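Participant: Before anything else, here's the structure in question.
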Amino acid sequence: MGRGSSAGGEQELRAGELAAALRATASRYRDLFERNLAGVYRTTADGRILEVNPAFARTFGYGSPDELRAVPVQRLHLDLAGWEESLALLREQGEVRSGERRMRRRDGALVWVLFSEQLRPAEDGEEVIEGTLIDVTSHREAAAGIIQAGRLAAVGTLATGVVHEVNNPLAGVLANISFALDTLPGLAAELPDGTPARTAAAELASALGDARAAAERVRDLVRHLNLFARAEDETGTPLDVARVLDATLALLANQIRHRARLEIAIGEAPEVLGNESRLGQAFLNLLLNAVQAIPEGAAGSHVIGVSLGRAPDGSARLEITDTGAGMTPEVLARAFDPFYSTRGGAGVGLGLPTARAIVASLGGTLSLESAPGRGTTARVVLPPASPAHREVAAGNLATPRRRRVLVVDDEEVVGRSLARILPEMEVQSVVGGREALALLSDDPDFDVVLCDLMMPQIAGEDLYRALPPGLARRVVFMTGGAFTPQARAFLDAVENPVLEKPFELERLRALLASGAPFPGG
């Protein structure tokens, strides 16, 4: 009797120890489950969530695991067809040790996860999936940034080789078309009204106008490409962002009116350093992107919102929103890829990458938020101009007079074209740096020397350094956009003006009429 009681007590003791050990194990398991930085989950194969830990809930933007109990797994998956294929593979293999998939957060944002899971039969025969996952979105974005940088570098390499070769002949084309358009009205005025010759002159003027418009489109495209050829861009002078934005909105007022209602909220924003035309180009591209995202014929039901203000860190922040169709994650991921366009032949795919390149050159950031059916928001953040920066004087324009201009370029057509479009000035041209040095040694009395930067044998930099300081300060450099690191460093070191080919005639005339000598030398 005593021995039986003793054995029973030992059994009860062992059972109690076993129960305590099981409780301790369960507690450790629960603690590991709750505190794990990886998301842990148990779901049924048909999509019911049985159990998840807090890390899983945080990954998908939920406040607690309880909020996920009524959420079907399918709602978290971005690609249901891919999920079904993954389930079929899991049934075939029993487990997936390392996989990667795109999923969807509570707010619709894309999240990339690295997962490991296995299929287990439950006691009632129901299939249960047990797994862990880790949010690797930031790593994917970093890798995408590296790929994007490589793509931009490739475009930059292409641009460096092509831009200069395109701009040189294009400068001649535009200059000669402008000359013909300026000359034609005077010739036509001498012809009798109603004659075939007068009619032909009018048609010729119209055709030349179309040709100039087409050539200017090529010029603008090449200028966009040229942004990628530059390692960095000039910061420029302090700008009133609201004024630049207002001018840009005025250009697009008609297009916006036919697509959407415009809502503007302009608050206090700091001045930023930049070039007004380039910053305006970035704003223009972003606004055009918003306009083109909205279909025609439904202006009353769509809105384009523009808000400008000061960010908490003191930066200028611009947001442009639209109520268009929005972008899928796949399209959003490629939105800044050069030449990527969803508009087929209607777009060349340089609007957004050009805007980002301009903003980045000013030390700012451009980001996009978009989802199908929710429209798109473009956000630009630009650092403020510091008090140490001051505006560069616009220049004191002198009264126009007939000035002597020497054109130095290895393309003869450039010199001839400039002579035609500048009849108010005495224009002489030479081919290359050697001829220029020989001429200037005998006749240095030129008001301005228009000198191509990139020339064989004697480049613009070499010519500049060979000139006496007084004459060197009269040099205006011309460039088709191909910069070597040495040429870029040289231009940064001197203060002489730089003209980009093809020329904008108004800027060219204003510069030639301004007060040379220039600050360089």
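So you can find residues: chains in the structure tokens are A, B, ... in the order shown, residues in each start at 1, and ligands are numbered from 1 in order.
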Please identify all polymer residues within 12 Å of segment 90-93 of chain A, counting only C-alpha atoms, omitting same-chain residues fewer than 5 positions from it, and present them as a CSV table (one decimal) with N, CA and C atoms, in the first residue's frame.
Facilitator:
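File produced: around.csv:
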chain,number,residue,atom,x,y,z
A,45,ALA,N,-5.0,26.8,-47.1
A,45,ALA,CA,-4.7,26.9,-48.5
A,45,ALA,C,-5.8,27.7,-49.3
A,83,TRP,N,0.1,33.9,-57.1
A,83,TRP,CA,-0.2,33.2,-55.8
A,83,TRP,C,-0.7,31.8,-56.1
A,84,GLU,N,-1.6,31.6,-57.0
A,84,GLU,CA,-2.1,30.3,-57.3
A,84,GLU,C,-1.0,29.4,-57.9
A,85,GLU,N,-0.1,29.9,-58.7
A,85,GLU,CA,1.0,29.1,-59.2
A,85,GLU,C,1.9,28.7,-58.0
A,98,SER,N,13.1,29.3,-50.1
A,98,SER,CA,13.4,30.7,-50.3
A,98,SER,C,12.7,31.3,-51.6
A,99,GLY,N,11.8,32.1,-51.4
A,99,GLY,CA,11.1,32.7,-52.5
A,99,GLY,C,10.9,34.2,-52.3
A,116,SER,N,9.7,31.9,-46.8
A,116,SER,CA,9.9,30.5,-46.7
A,116,SER,C,8.7,29.8,-46.1
A,117,GLU,N,8.1,28.8,-46.7
A,117,GLU,CA,6.9,28.2,-46.2
A,117,GLU,C,6.8,26.7,-46.6
A,118,GLN,N,5.9,26.0,-45.8
A,118,GLN,CA,5.7,24.6,-46.1
A,118,GLN,C,4.2,24.3,-45.9
A,119,LEU,N,3.8,23.3,-46.5
A,119,LEU,CA,2.4,22.8,-46.5
A,119,LEU,C,2.3,21.7,-45.5
A,120,ARG,N,1.4,21.8,-44.5
A,120,ARG,CA,1.2,20.7,-43.5
A,120,ARG,C,-0.3,20.4,-43.5
A,121,PRO,N,-0.6,19.1,-43.4
A,121,PRO,CA,-2.0,18.7,-43.3
A,121,PRO,C,-2.4,18.8,-41.8
A,127,GLU,N,-5.6,21.6,-45.5
A,127,GLU,CA,-4.2,22.0,-45.8
A,127,GLU,C,-3.9,23.3,-45.1
A,128,VAL,N,-2.8,23.4,-44.4
A,128,VAL,CA,-2.4,24.6,-43.6
A,128,VAL,C,-1.0,25.0,-44.1
A,129,ILE,N,-0.8,26.3,-44.4
A,129,ILE,CA,0.5,26.8,-44.8
A,129,ILE,C,1.1,27.5,-43.6
A,130,GLU,N,2.3,27.1,-43.3
A,130,GLU,CA,3.1,27.8,-42.2
A,130,GLU,C,4.3,28.4,-42.9
A,131,GLY,N,4.6,29.6,-42.5
A,131,GLY,CA,5.8,30.2,-43.1
A,131,GLY,C,6.3,31.5,-42.4
Participant: Can you list, as a PyMOL selection string, all residues belonging to segment 14-120 of chain A that DSSP tags as alpha helix (DSSP H)?
Facilitator: chain A and resi 14-35+54-59+80-93
Participant: Return the single residue from A:Gln292, A:Asn285, A:Thr377, A:Ser138 that is closest to Ile320 of chain A, with distances computed using only C-alpha atoms.
Facilitator: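 Smallest separation from Ile320 of chain A among the options: A:Thr377.
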Participant: Using only C-alpha atoms, determine which residues lie at most 10 Å from Ala260 of chain A, disregarding the query and same-chain residues fewer than 4 positions distant; provide the list as a PyMOL selection string.
Facilitator: chain A and resi 255-256+290-291+294-305+322-324
